[in-house]
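Next comes my_file.cif, with mmCIF, C-alpha atoms.
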```
data_my_file
#
loop_
_atom_site.label_atom_id
_atom_site.label_comp_id
_atom_site.auth_asym_id
_atom_site.auth_seq_id
_atom_site.Cartn_x
_atom_site.Cartn_y
_atom_site.Cartn_z
CA MET A 1 21.68 -295.09 -122.56
CA ARG A 2 19.91 -291.87 -123.46
CA TYR A 3 23.15 -289.95 -123.07
CA SER A 4 25.05 -292.40 -125.29
CA LEU A 5 22.45 -292.02 -128.01
CA LEU A 6 22.86 -288.25 -127.83
CA LEU A 7 26.60 -288.54 -128.41
CA LEU A 8 26.07 -290.92 -131.34
CA ALA A 9 23.59 -288.51 -132.87
CA LEU A 10 26.02 -285.64 -132.48
CA ALA A 11 28.83 -287.59 -134.12
CA ALA A 12 26.60 -288.60 -137.00
CA SER A 13 25.44 -285.05 -137.59
CA MET A 14 29.02 -283.79 -137.67
CA THR A 15 30.11 -286.35 -140.28
CA ALA A 16 27.00 -286.68 -142.42
CA ASN A 17 25.91 -283.04 -142.66
CA PRO A 18 28.79 -280.71 -143.46
CA ALA A 19 27.76 -277.10 -142.90
CA ALA A 20 27.32 -274.86 -145.89
CA GLU A 21 29.02 -271.56 -146.49
CA PRO A 22 26.81 -268.45 -146.54
CA ASN A 23 26.64 -268.73 -150.35
CA GLY A 24 25.42 -272.32 -150.09
CA ARG A 25 28.65 -274.04 -151.16
CA THR A 26 30.20 -276.78 -149.06
CA GLN A 27 32.87 -275.47 -146.72
CA ARG A 28 36.40 -275.45 -148.06
CA GLN A 29 37.74 -278.04 -145.64
CA ASN A 30 41.34 -278.17 -146.85
CA GLN A 31 42.47 -274.57 -146.47
CA PRO A 32 45.64 -274.37 -144.35
CA ALA A 33 44.78 -273.42 -140.78
CA GLU A 34 47.89 -271.38 -139.94
CA PRO A 35 47.55 -268.72 -142.69
CA LEU A 36 43.91 -268.26 -141.69
CA MET A 37 44.89 -267.72 -138.06
CA ILE A 38 47.51 -265.16 -139.07
CA ARG A 39 44.90 -263.36 -141.16
CA ALA A 40 42.38 -263.56 -138.30
CA LYS A 41 44.78 -261.98 -135.79
CA ALA A 42 45.58 -259.24 -138.28
CA LEU A 43 41.88 -258.39 -138.57
CA HIS A 44 41.62 -258.10 -134.78
CA LYS A 45 44.38 -255.47 -134.92
CA GLN A 46 42.61 -253.53 -137.66
CA SER A 47 39.10 -253.41 -136.22
CA PRO A 48 38.03 -253.83 -132.58
CA LEU A 49 36.51 -257.10 -131.48
CA ILE A 50 33.61 -256.03 -129.24
CA ASP A 51 32.28 -258.76 -126.96
CA GLY A 52 28.75 -258.17 -125.74
CA HIS A 53 28.89 -259.95 -122.40
CA ASN A 54 31.52 -260.97 -119.83
CA ASP A 55 30.72 -261.78 -116.18
CA TYR A 56 34.12 -261.16 -114.57
CA PRO A 57 32.61 -258.46 -112.24
CA TRP A 58 30.25 -261.06 -110.74
CA GLU A 59 33.16 -263.44 -110.16
CA VAL A 60 34.86 -260.63 -108.22
CA ARG A 61 31.77 -260.26 -106.05
CA GLN A 62 31.23 -263.97 -105.48
CA ARG A 63 34.81 -265.09 -104.99
CA VAL A 64 36.49 -262.19 -103.20
CA GLN A 65 33.67 -259.86 -102.06
CA GLY A 66 34.61 -257.20 -104.58
CA ASP A 67 38.33 -257.01 -103.74
CA LEU A 68 40.18 -256.72 -107.06
CA ASP A 69 43.52 -257.26 -105.33
CA LYS A 70 42.41 -260.79 -104.47
CA LEU A 71 41.44 -261.63 -108.06
CA ASP A 72 44.15 -259.75 -109.91
CA ILE A 73 43.71 -260.33 -113.63
CA SER A 74 46.93 -258.52 -114.54
CA LYS A 75 48.48 -261.99 -114.32
CA PRO A 76 47.12 -265.35 -115.55
CA ILE A 77 44.32 -266.84 -113.44
CA PRO A 78 43.62 -270.37 -114.75
CA THR A 79 40.44 -270.68 -112.66
CA LEU A 80 38.88 -267.82 -114.63
CA MET A 81 38.13 -267.49 -118.34
CA THR A 82 39.28 -263.85 -118.28
CA ASP A 83 42.57 -262.17 -117.49
CA ILE A 84 44.59 -259.40 -119.10
CA PRO A 85 47.27 -261.58 -120.76
CA ARG A 86 44.58 -263.70 -122.44
CA LEU A 87 42.48 -260.65 -123.40
CA ARG A 88 45.57 -259.38 -125.21
CA GLU A 89 46.21 -262.75 -126.82
CA GLY A 90 42.60 -262.92 -127.99
CA GLY A 91 42.75 -259.51 -129.66
CA VAL A 92 39.86 -258.07 -127.63
CA GLY A 93 39.34 -254.41 -128.50
CA ALA A 94 36.26 -253.62 -126.41
CA GLN A 95 34.25 -255.43 -123.77
CA PHE A 96 30.79 -254.95 -122.31
CA TRP A 97 31.28 -255.96 -118.68
CA SER A 98 28.05 -257.34 -117.24
CA VAL A 99 26.97 -255.77 -113.95
CA TYR A 100 24.70 -258.72 -113.26
CA THR A 101 22.66 -259.16 -110.11
CA PRO A 102 20.34 -262.16 -109.59
CA SER A 103 16.73 -261.63 -110.61
CA ASP A 104 15.54 -262.71 -107.16
CA PHE A 105 17.19 -259.57 -105.78
CA ALA A 106 14.27 -257.17 -105.39
CA GLY A 107 13.71 -253.48 -104.82
CA GLN A 108 16.52 -251.50 -103.25
CA LYS A 109 18.63 -254.65 -102.83
CA ALA A 110 18.83 -254.95 -106.61
CA VAL A 111 19.56 -251.24 -107.07
CA THR A 112 22.34 -251.26 -104.49
CA ALA A 113 23.90 -254.48 -105.79
CA THR A 114 23.92 -253.12 -109.34
CA MET A 115 25.62 -249.94 -108.17
CA GLU A 116 28.24 -252.05 -106.40
CA GLN A 117 28.84 -254.02 -109.61
CA ILE A 118 29.19 -250.82 -111.62
CA ASP A 119 31.73 -249.72 -109.03
CA VAL A 120 33.74 -252.88 -109.77
CA VAL A 121 34.05 -251.85 -113.43
CA HIS A 122 35.04 -248.29 -112.50
CA ARG A 123 37.68 -249.66 -110.14
CA MET A 124 38.95 -252.04 -112.84
CA THR A 125 39.65 -249.12 -115.16
CA ARG A 126 41.32 -247.23 -112.31
CA LYS A 127 43.45 -250.19 -111.19
CA TRP A 128 44.66 -251.16 -114.69
CA PRO A 129 44.63 -247.87 -116.65
CA ALA A 130 47.20 -249.09 -119.16
CA THR A 131 44.77 -251.83 -120.21
CA PHE A 132 41.21 -250.58 -119.64
CA GLU A 133 39.41 -247.29 -120.17
CA LEU A 134 35.70 -246.64 -119.64
CA ALA A 135 33.90 -245.95 -122.92
CA ARG A 136 30.75 -243.84 -122.63
CA THR A 137 30.22 -243.21 -126.36
CA SER A 138 30.69 -245.15 -129.57
CA ALA A 139 33.44 -242.69 -130.55
CA ASP A 140 35.28 -243.53 -127.33
CA VAL A 141 35.65 -247.13 -128.50
CA GLY A 142 37.61 -246.19 -131.62
CA ARG A 143 39.77 -243.72 -129.73
CA ILE A 144 40.61 -246.17 -126.94
CA PHE A 145 41.28 -248.99 -129.43
CA LYS A 146 43.74 -246.79 -131.34
CA GLN A 147 45.58 -246.17 -128.06
CA GLY A 148 46.11 -249.91 -127.67
CA LYS A 149 43.74 -250.27 -124.72
CA ILE A 150 40.53 -252.24 -124.23
CA ALA A 151 37.43 -250.05 -124.27
CA SER A 152 35.29 -251.03 -121.30
CA MET A 153 31.52 -250.58 -121.38
CA ILE A 154 28.94 -251.35 -118.71
CA GLY A 155 25.97 -253.60 -119.46
CA MET A 156 23.15 -253.99 -116.93
CA GLU A 157 21.73 -257.52 -116.95
CA GLY A 158 18.11 -257.36 -115.88
CA GLY A 159 15.45 -254.67 -115.61
CA HIS A 160 14.90 -255.60 -111.95
CA SER A 161 18.00 -253.46 -111.33
CA ILE A 162 16.02 -250.21 -111.73
CA ASP A 163 13.20 -251.18 -109.31
CA SER A 164 10.59 -249.94 -111.82
CA SER A 165 12.01 -246.40 -111.72
CA LEU A 166 12.85 -244.34 -114.79
CA ALA A 167 14.81 -241.99 -112.52
CA ALA A 168 17.00 -244.91 -111.44
CA LEU A 169 17.45 -245.86 -115.10
CA ARG A 170 18.69 -242.37 -115.90
CA MET A 171 21.10 -242.37 -112.96
CA PHE A 172 22.53 -245.71 -114.04
CA TYR A 173 23.12 -244.20 -117.48
CA ASP A 174 24.99 -241.33 -115.84
CA LEU A 175 27.15 -243.92 -114.05
CA GLY A 176 28.15 -245.35 -117.43
CA ALA A 177 25.61 -248.11 -118.18
CA ARG A 178 25.18 -248.33 -121.95
CA TYR A 179 22.79 -251.24 -122.29
CA MET A 180 20.17 -252.83 -120.09
CA THR A 181 18.73 -256.31 -120.57
CA LEU A 182 14.98 -255.84 -119.98
CA THR A 183 14.72 -259.02 -117.87
CA HIS A 184 16.92 -261.77 -116.58
CA GLY A 185 15.68 -265.25 -115.61
CA LYS A 186 12.46 -263.97 -114.04
CA ASN A 187 9.79 -261.51 -115.10
CA THR A 188 9.96 -257.90 -114.01
CA PRO A 189 6.67 -256.20 -113.12
CA TRP A 190 6.67 -254.73 -116.62
CA ALA A 191 8.27 -257.34 -118.93
CA ASP A 192 8.13 -261.11 -119.45
CA SER A 193 11.28 -263.21 -119.26
CA ALA A 194 11.95 -266.03 -121.71
CA THR A 195 12.38 -268.42 -118.77
CA ASP A 196 9.41 -267.50 -116.58
CA THR A 197 5.64 -267.92 -116.86
CA PRO A 198 4.32 -265.03 -119.00
CA VAL A 199 2.28 -262.45 -117.11
CA ALA A 200 2.44 -259.22 -119.11
CA GLY A 201 2.08 -260.83 -122.54
CA GLY A 202 5.30 -259.07 -123.54
CA LEU A 203 5.74 -255.51 -122.27
CA THR A 204 3.26 -253.56 -120.16
CA LYS A 205 2.65 -249.86 -120.81
CA PHE A 206 5.39 -249.08 -118.31
CA GLY A 207 7.66 -251.53 -120.10
CA GLU A 208 7.11 -249.59 -123.29
CA ALA A 209 7.95 -246.41 -121.38
CA VAL A 210 11.24 -248.01 -120.27
CA VAL A 211 12.16 -248.71 -123.90
CA ARG A 212 11.27 -245.16 -124.92
CA GLU A 213 13.33 -243.70 -122.07
CA MET A 214 16.30 -245.86 -123.01
CA ASN A 215 16.00 -244.51 -126.55
CA TRP A 216 15.85 -240.97 -125.12
CA LEU A 217 19.04 -241.62 -123.16
CA GLY A 218 20.91 -243.38 -125.96
CA MET A 219 21.10 -246.60 -123.93
CA LEU A 220 20.94 -249.77 -126.02
CA VAL A 221 17.87 -251.94 -125.39
CA ASP A 222 19.08 -255.52 -124.81
CA LEU A 223 16.58 -258.27 -125.62
CA SER A 224 18.56 -261.31 -124.50
CA HIS A 225 16.61 -263.13 -121.77
CA VAL A 226 13.19 -261.69 -122.73
CA SER A 227 10.21 -263.60 -124.12
CA PRO A 228 9.47 -263.56 -127.86
CA ASP A 229 6.39 -261.40 -127.18
CA ALA A 230 8.54 -258.91 -125.27
CA MET A 231 11.07 -258.95 -128.13
CA GLU A 232 8.34 -258.10 -130.62
CA ASP A 233 6.82 -255.42 -128.37
CA ALA A 234 10.22 -253.79 -127.89
CA LEU A 235 10.90 -253.82 -131.63
CA ARG A 236 7.49 -252.25 -132.24
CA VAL A 237 8.14 -249.43 -129.77
CA ALA A 238 11.87 -248.83 -130.24
CA GLU A 239 13.06 -245.92 -132.35
CA ALA A 240 16.69 -247.04 -132.18
CA PRO A 241 18.44 -250.35 -132.89
CA VAL A 242 18.16 -253.05 -130.23
CA ILE A 243 20.78 -255.65 -129.37
CA PHE A 244 20.82 -259.20 -128.07
CA SER A 245 23.99 -259.11 -125.97
CA HIS A 246 24.40 -262.90 -125.70
CA SER A 247 21.91 -265.03 -127.63
CA SER A 248 21.94 -267.38 -130.61
CA ALA A 249 19.53 -268.75 -133.22
CA ARG A 250 16.49 -270.67 -131.97
CA ALA A 251 16.08 -272.42 -135.32
CA LEU A 252 19.34 -274.29 -134.65
CA CYS A 253 18.93 -274.81 -130.90
CA ASP A 254 15.36 -274.60 -129.66
CA VAL A 255 15.79 -273.09 -126.20
CA PRO A 256 13.86 -270.08 -124.86
CA ARG A 257 17.01 -267.94 -124.57
CA ASN A 258 17.59 -267.93 -128.33
CA VAL A 259 16.08 -265.67 -130.98
CA PRO A 260 13.28 -267.00 -133.20
CA ASP A 261 13.42 -266.47 -136.95
CA THR A 262 10.28 -264.34 -136.76
CA VAL A 263 12.26 -261.85 -134.65
CA LEU A 264 15.40 -262.14 -136.77
CA GLN A 265 13.31 -261.15 -139.77
CA MET A 266 12.35 -257.91 -137.96
CA LEU A 267 15.95 -256.83 -137.35
CA PRO A 268 16.78 -255.26 -140.74
CA LYS A 269 14.05 -252.66 -140.33
CA ASN A 270 15.17 -251.89 -136.77
CA GLY A 271 18.91 -252.10 -137.41
CA GLY A 272 19.53 -254.37 -134.41
CA VAL A 273 22.31 -256.88 -133.76
CA VAL A 274 22.29 -260.43 -132.35
CA MET A 275 25.60 -261.08 -130.57
CA VAL A 276 26.07 -264.83 -130.85
CA THR A 277 26.91 -266.47 -127.54
CA PHE A 278 29.24 -269.35 -126.71
CA VAL A 279 26.92 -270.94 -124.13
CA PRO A 280 27.00 -274.65 -125.12
CA GLY A 281 23.36 -275.24 -124.20
CA PHE A 282 22.32 -272.38 -126.52
CA ILE A 283 24.48 -273.65 -129.40
CA SER A 284 23.95 -277.43 -129.46
CA PRO A 285 20.66 -279.33 -129.05
CA GLU A 286 22.63 -282.18 -127.47
CA ALA A 287 24.17 -279.81 -124.93
CA ALA A 288 20.75 -278.32 -124.25
CA GLU A 289 19.42 -281.81 -123.51
CA TRP A 290 22.39 -282.43 -121.20
CA ASP A 291 21.56 -279.20 -119.35
CA LYS A 292 18.08 -280.58 -118.69
CA LEU A 293 19.61 -283.74 -117.21
CA VAL A 294 21.80 -281.58 -114.96
CA ASP A 295 18.71 -279.69 -113.76
CA VAL A 296 16.88 -282.96 -113.03
CA GLU A 297 19.80 -284.36 -111.05
CA THR A 298 20.29 -281.11 -109.14
CA ALA A 299 16.61 -281.04 -108.20
CA ARG A 300 16.77 -284.69 -107.10
CA LEU A 301 19.73 -284.03 -104.81
CA ARG A 302 18.05 -281.00 -103.26
CA GLN A 303 15.08 -283.18 -102.32
CA GLN A 304 17.26 -285.68 -100.46
CA PRO A 305 16.70 -285.29 -96.70
CA GLY A 306 19.71 -284.04 -94.78
CA THR A 307 21.81 -283.18 -97.86
CA THR A 308 24.05 -280.23 -97.09
CA GLU A 309 25.06 -277.68 -99.70
CA GLU A 310 28.63 -278.97 -99.70
CA ALA A 311 27.47 -282.58 -100.01
CA GLY A 312 25.21 -281.59 -102.89
CA ARG A 313 28.10 -279.92 -104.73
CA ALA A 314 30.29 -282.98 -104.21
CA ALA A 315 27.54 -285.25 -105.52
CA MET A 316 27.10 -283.09 -108.62
CA ARG A 317 30.83 -283.19 -109.28
CA GLU A 318 30.66 -286.98 -109.20
CA TRP A 319 27.62 -286.99 -111.47
CA ARG A 320 29.29 -284.70 -113.99
CA ALA A 321 32.41 -286.88 -113.99
CA ALA A 322 30.24 -289.89 -114.81
CA HIS A 323 28.11 -287.96 -117.33
CA PRO A 324 30.43 -285.50 -119.15
CA ALA A 325 28.89 -282.77 -121.25
CA PRO A 326 28.65 -283.55 -124.97
CA PRO A 327 31.28 -281.67 -126.99
CA VAL A 328 30.29 -278.44 -128.72
CA THR A 329 32.50 -277.11 -131.51
CA ILE A 330 33.60 -273.79 -132.97
CA ALA A 331 31.93 -274.92 -136.20
CA GLN A 332 28.58 -275.09 -134.41
CA VAL A 333 29.03 -271.54 -133.10
CA ALA A 334 29.80 -270.44 -136.66
CA ASP A 335 26.65 -272.22 -137.83
CA HIS A 336 24.61 -269.81 -135.70
CA ILE A 337 26.42 -266.87 -137.27
CA ASP A 338 25.67 -268.36 -140.70
CA HIS A 339 21.98 -268.70 -139.85
CA ILE A 340 21.56 -265.19 -138.51
CA ARG A 341 23.37 -263.86 -141.57
CA LYS A 342 21.02 -265.84 -143.82
CA VAL A 343 17.82 -264.68 -142.10
CA ALA A 344 18.64 -261.15 -140.89
CA GLY A 345 21.69 -260.20 -142.97
CA ILE A 346 25.41 -259.66 -142.43
CA ASP A 347 24.75 -256.27 -140.79
CA HIS A 348 22.88 -257.82 -137.87
CA VAL A 349 25.26 -260.30 -136.22
CA GLY A 350 27.98 -259.89 -133.59
CA ILE A 351 29.67 -261.78 -130.72
CA GLY A 352 28.64 -262.05 -127.06
CA SER A 353 30.58 -264.85 -125.37
CA ASP A 354 29.22 -264.94 -121.78
CA PHE A 355 32.71 -265.89 -120.55
CA ASP A 356 32.90 -266.32 -116.76
CA GLY A 357 29.13 -266.62 -116.71
CA ILE A 358 29.24 -270.24 -117.92
CA THR A 359 30.75 -273.47 -116.57
CA THR A 360 31.48 -275.20 -119.89
CA THR A 361 32.54 -273.83 -123.27
CA PRO A 362 32.80 -274.99 -126.88
CA VAL A 363 35.99 -276.87 -127.65
CA GLY A 364 38.51 -274.32 -128.86
CA LEU A 365 36.68 -271.37 -127.26
CA GLU A 366 37.69 -272.03 -123.68
CA ASP A 367 38.59 -268.46 -122.70
CA VAL A 368 39.13 -264.90 -123.94
CA SER A 369 42.35 -265.82 -125.77
CA LYS A 370 40.47 -267.95 -128.30
CA TYR A 371 38.42 -265.46 -130.34
CA PRO A 372 40.80 -265.61 -133.33
CA ALA A 373 39.95 -269.30 -133.75
CA LEU A 374 36.33 -268.34 -134.43
CA THR A 375 37.44 -265.56 -136.76
CA ALA A 376 39.59 -268.07 -138.66
CA GLU A 377 36.61 -270.42 -138.95
CA LEU A 378 34.55 -267.63 -140.53
CA LEU A 379 37.36 -266.89 -142.97
CA ARG A 380 37.55 -270.58 -143.81
CA ARG A 381 33.86 -270.49 -144.69
CA GLY A 382 34.42 -267.73 -147.21
CA TYR A 383 33.51 -264.64 -145.18
CA THR A 384 35.34 -261.61 -146.54
CA ASP A 385 37.53 -259.37 -144.39
CA ALA A 386 34.79 -256.73 -144.53
CA ASP A 387 32.18 -259.27 -143.38
CA VAL A 388 34.36 -260.38 -140.48
CA LYS A 389 35.00 -256.82 -139.32
CA LYS A 390 31.25 -256.23 -139.20
CA ILE A 391 30.77 -259.30 -137.02
CA LEU A 392 33.72 -258.48 -134.78
CA GLY A 393 32.31 -255.10 -133.83
CA GLN A 394 31.43 -252.73 -136.62
CA ASN A 395 27.77 -253.82 -136.58
CA LEU A 396 27.54 -253.07 -132.87
CA LEU A 397 29.22 -249.68 -133.31
CA ARG A 398 26.84 -248.80 -136.13
CA ALA A 399 23.83 -249.67 -133.94
CA TRP A 400 25.27 -247.68 -131.02
CA ARG A 401 25.94 -244.62 -133.20
CA GLU A 402 22.36 -244.74 -134.44
CA ALA A 403 21.08 -245.00 -130.84
CA GLU A 404 23.11 -241.88 -130.00
CA ARG A 405 21.72 -240.06 -133.04
CA VAL A 406 18.15 -240.95 -132.07
CA ALA A 407 18.78 -239.81 -128.49
CA ALA A 408 20.11 -236.44 -129.68
CA ARG A 409 16.90 -235.92 -131.67
CA LEU A 410 14.56 -237.08 -128.91
CA GLN A 411 16.22 -234.85 -126.35
CA THR A 412 15.37 -231.81 -128.50
CA GLU A 413 11.73 -232.93 -128.55
CA ARG A 414 11.09 -233.69 -124.87
CA GLY A 415 12.64 -233.87 -121.46
CA PRO A 416 13.08 -236.90 -119.20
CA SER A 417 9.89 -238.85 -118.53
CA ALA A 418 8.16 -238.58 -115.16
CA ALA A 419 6.05 -241.70 -115.81
CA LYS A 420 5.44 -244.08 -112.88
CA ILE A 421 4.55 -247.75 -113.08
CA GLU A 422 1.51 -247.31 -110.84
CA GLN A 423 0.19 -244.61 -113.18
CA LEU A 424 0.70 -246.53 -116.42
CA ASP A 425 -0.03 -250.10 -115.35
CA GLY A 426 -2.37 -249.51 -112.42
CA GLY A 427 -2.89 -251.70 -109.39
CA GLY A 428 0.83 -252.11 -108.86
CA GLN A 429 2.97 -250.96 -106.00
CA LYS A 430 6.63 -250.26 -106.54
CA THR A 431 8.76 -252.04 -103.98
CA GLY A 432 9.29 -249.90 -100.91
CA ASP A 433 6.68 -247.25 -101.80
CA LYS A 434 3.43 -246.79 -99.87
CA VAL A 435 0.96 -246.02 -102.60
CA GLU A 436 -2.67 -246.73 -103.15
CA GLY A 437 -3.64 -249.57 -105.45
CA ARG A 438 -6.04 -249.39 -108.39
CA ARG A 439 -8.48 -246.47 -108.10
#
```
Take the structure in the file and write it out as structure tokens.
Amino acid sequence: MRYSLLLLALAASMTANPAAEPNGRTQRQNQPAEPLMIRAKALHKQSPLIDGHNDYPWEVRQRVQGDLDKLDISKPIPTLMTDIPRLREGGVGAQFWSVYTPSDFAGQKAVTATMEQIDVVHRMTRKWPATFELARTSADVGRIFKQGKIASMIGMEGGHSIDSSLAALRMFYDLGARYMTLTHGKNTPWADSATDTPVAGGLTKFGEAVVREMNWLGMLVDLSHVSPDAMEDALRVAEAPVIFSHSSARALCDVPRNVPDTVLQMLPKNGGVVMVTFVPGFISPEAAEWDKLVDVETARLRQQPGTTEEAGRAAMREWRAAHPAPPVTIAQVADHIDHIRKVAGIDHVGIGSDFDGITTTPVGLEDVSKYPALTAELLRRGYTDADVKKILGQNLLRAWREAERVAARLQTERGPSAAKIEQLDGGGQKTGDKVEGRR
């Protein structure tokens, strides 16, 4: 009954409350779709679409133990959201490949797993050199795009990957990592996650040192997954633009993973960019409520005595079949772009799909071939070609160039930091080290 009411509410909202264009006018509903799609695809050829987050490398690890030959994306793979033919069809010009490792990986296990995931991206560019090339600078993106290839950047998803070591952070940068999300689903010893019980109250002193060292390196500070207090602390400390690699607007969908308006209002001064995600539960309140029901049912099944993992998966498949996810639309994704534009400005919004890191998608955004449909929706709402190019990737490139400029200045002012977490935060012990506690 509760689920049925959710669907009715969604239908009513879609018919009774047409979204407004950025200038406040009602959307122009009757524009022909085909000319807009042609125009959208043309824009993708003129300016690179840069997606902030794709989890294909984790799929390689989970499905085939890192063997690219066994998950060969040079040909269509319907069980994935990502393959080369669909990347081409979707007009993708550059991709941040997530080198995700679970936040319950600790210490050297996290460091090693992250290195292995970075290796996947390096091997991707080696295996398919006609399609991918590793981009280490913002200038590389433009050069690679002009050559008709997809610029490939490495994004670290979770500060647990550095095991509270600035030296490890610097070495990951040397391996090609160009952003790091400060946390994932759980707190690090120096930063609070959006989805864990706060401990640090944002960033600790060592957490602030991590942000400063990332600025020194020219590595983008990614604030997806972190708590609002950690977002505000990072924005206070950062000398370069931050990004949110895959987040949306909390005012439209009140989940912890989205960005509050109070933080959006801080972005113009910092120059940062929110890369709007396609995660249904971060886009639609109804989908977010459905996610909660999934969590409740999953927890219930786990508590059943004698339930095997396979039996639990089978039971969840049956449950999902009986309780399908509420539909989420391209229009709702565009609503988040509208909102961020309204609050932070057109210079502070981008795209971060989270393809292959999610199990459901908005209708019409099922895989990497579908980006032009979102571009066409923005055009339909009255966004100019220049606006769209900013959202597709120019905003991200501008932020990255500024991060590089700041790094060049900082590196003339000081060398790499030798700060340690036990020195700055006290009482702590970095995993694997035998050090004294608080003195």
Applied to the shown file, which residues does the PyMOL selection byres ((chain A and resi 74-82) around 12) return, written as a compact mmCIF listing (two decimals) with C-alpha atoms, in the frame of the given file?
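Wrote it out as part-v7.txt, contents follow:
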```
# COMPACT_ATOMS: atom_id res chain seq x y z
CA HIS A 53 28.89 -259.95 -122.40
CA ASN A 54 31.52 -260.97 -119.83
CA ASP A 55 30.72 -261.78 -116.18
CA TYR A 56 34.12 -261.16 -114.57
CA PRO A 57 32.61 -258.46 -112.24
CA TRP A 58 30.25 -261.06 -110.74
CA GLU A 59 33.16 -263.44 -110.16
CA VAL A 60 34.86 -260.63 -108.22
CA ARG A 63 34.81 -265.09 -104.99
CA LEU A 68 40.18 -256.72 -107.06
CA ASP A 69 43.52 -257.26 -105.33
CA LYS A 70 42.41 -260.79 -104.47
CA LEU A 71 41.44 -261.63 -108.06
CA ASP A 72 44.15 -259.75 -109.91
CA ILE A 73 43.71 -260.33 -113.63
CA ASP A 83 42.57 -262.17 -117.49
CA ILE A 84 44.59 -259.40 -119.10
CA PRO A 85 47.27 -261.58 -120.76
CA ARG A 86 44.58 -263.70 -122.44
CA LEU A 87 42.48 -260.65 -123.40
CA ARG A 88 45.57 -259.38 -125.21
CA GLU A 89 46.21 -262.75 -126.82
CA GLY A 90 42.60 -262.92 -127.99
CA VAL A 92 39.86 -258.07 -127.63
CA GLN A 95 34.25 -255.43 -123.77
CA TRP A 97 31.28 -255.96 -118.68
CA MET A 124 38.95 -252.04 -112.84
CA THR A 125 39.65 -249.12 -115.16
CA LYS A 127 43.45 -250.19 -111.19
CA TRP A 128 44.66 -251.16 -114.69
CA PRO A 129 44.63 -247.87 -116.65
CA ALA A 130 47.20 -249.09 -119.16
CA THR A 131 44.77 -251.83 -120.21
CA PHE A 132 41.21 -250.58 -119.64
CA SER A 353 30.58 -264.85 -125.37
CA ASP A 354 29.22 -264.94 -121.78
CA PHE A 355 32.71 -265.89 -120.55
CA ASP A 356 32.90 -266.32 -116.76
CA GLY A 357 29.13 -266.62 -116.71
CA ILE A 358 29.24 -270.24 -117.92
CA THR A 359 30.75 -273.47 -116.57
CA THR A 360 31.48 -275.20 -119.89
CA THR A 361 32.54 -273.83 -123.27
CA LEU A 365 36.68 -271.37 -127.26
CA GLU A 366 37.69 -272.03 -123.68
CA ASP A 367 38.59 -268.46 -122.70
CA VAL A 368 39.13 -264.90 -123.94
CA SER A 369 42.35 -265.82 -125.77
CA LYS A 370 40.47 -267.95 -128.30
```
Which is closer to A:Tyr383 than all the others in A:Met316, A:Ala40, A:Thr262, A:Phe145, using all atoms listed in the file?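 Comparing A:Met316, A:Ala40, A:Thr262, A:Phe145 against A:Tyr383, the winner is A:Ala40.
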Could you list, as a ChimeraX atom specification, every residue within 7 Å of stretch 399-402 of chain A, counting only C-alpha atoms and ignoring same-chain residues fewer than 6 positions away? /A:138,220,240-241,271-272
Taking 4 positions as the minimum chain separation for residues in the same chain, which residues sit within 6 Å of stretch 152-159 of chain A when counting only C-alpha atoms? Answer as a list in words.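 My reading of the contact set: Ala94, Gln95, Phe96, Trp97, Ser98, Val99, Tyr100, Glu133, Leu134, Ala135, Ala177, Arg178, Tyr179, Met180, Thr181, Leu182, Thr183 and His184 of chain A.
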Name the closest residue to A:Arg409 among the candidates A:Gly218, A:Gly393, A:Gly148, A:Gly207; distances are taken between atoms, counting only C-alpha atoms.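 Of A:Gly218, A:Gly393, A:Gly148, A:Gly207, the one nearest A:Arg409 is A:Gly218, counting only C-alpha atoms.
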In Å, rounded to a single decimal, give me how far atom CA of A:Val328 is from atom CA of A:Pro280.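 Result for atom CA of A:Pro280 versus atom CA of A:Val328: 6.2 Å, one decimal.
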Rounded to one decimal, what separation in Å do you get between atom CA of A:Glu413 and atom CA of A:Ala209?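 Atom CA of A:Glu413 sits 15.7 Å away from atom CA of A:Ala209.
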Can you tell me which residues surround A:Pro372 at a distance of at most 8 Å, considering all atoms listed in the file, apart from same-chain residues fewer than 4 positions away, and format the answer as number ranges by chain? A: 37, 40-41, 44, 90-91, 376
Neighbours of A:Ala288 within 10 Å (all atoms listed in the file; same-chain residues fewer than 3 positions away dropped), as a list in words?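 Here the answer would be Cys253, Asp254, Val255, Val279, Pro280, Gly281, Phe282, Ile283, Ser284, Pro285, Asp291, Lys292, Leu293, Val294, Ala325 and Pro326 of chain A.
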Select, from A:Ala321, A:Ala311, A:Val276, A:Ala238, the residue with the minimum atom-to-atom distance to A:Val333, counting all atoms listed in the file.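 Closest candidate: A:Val276.
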Pick from A:Leu169, A:Val274, A:Ile50, A:Val120 nearest to A:Trp216, counting only C-alpha atoms: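 Smallest separation from A:Trp216 among the options: A:Leu169.
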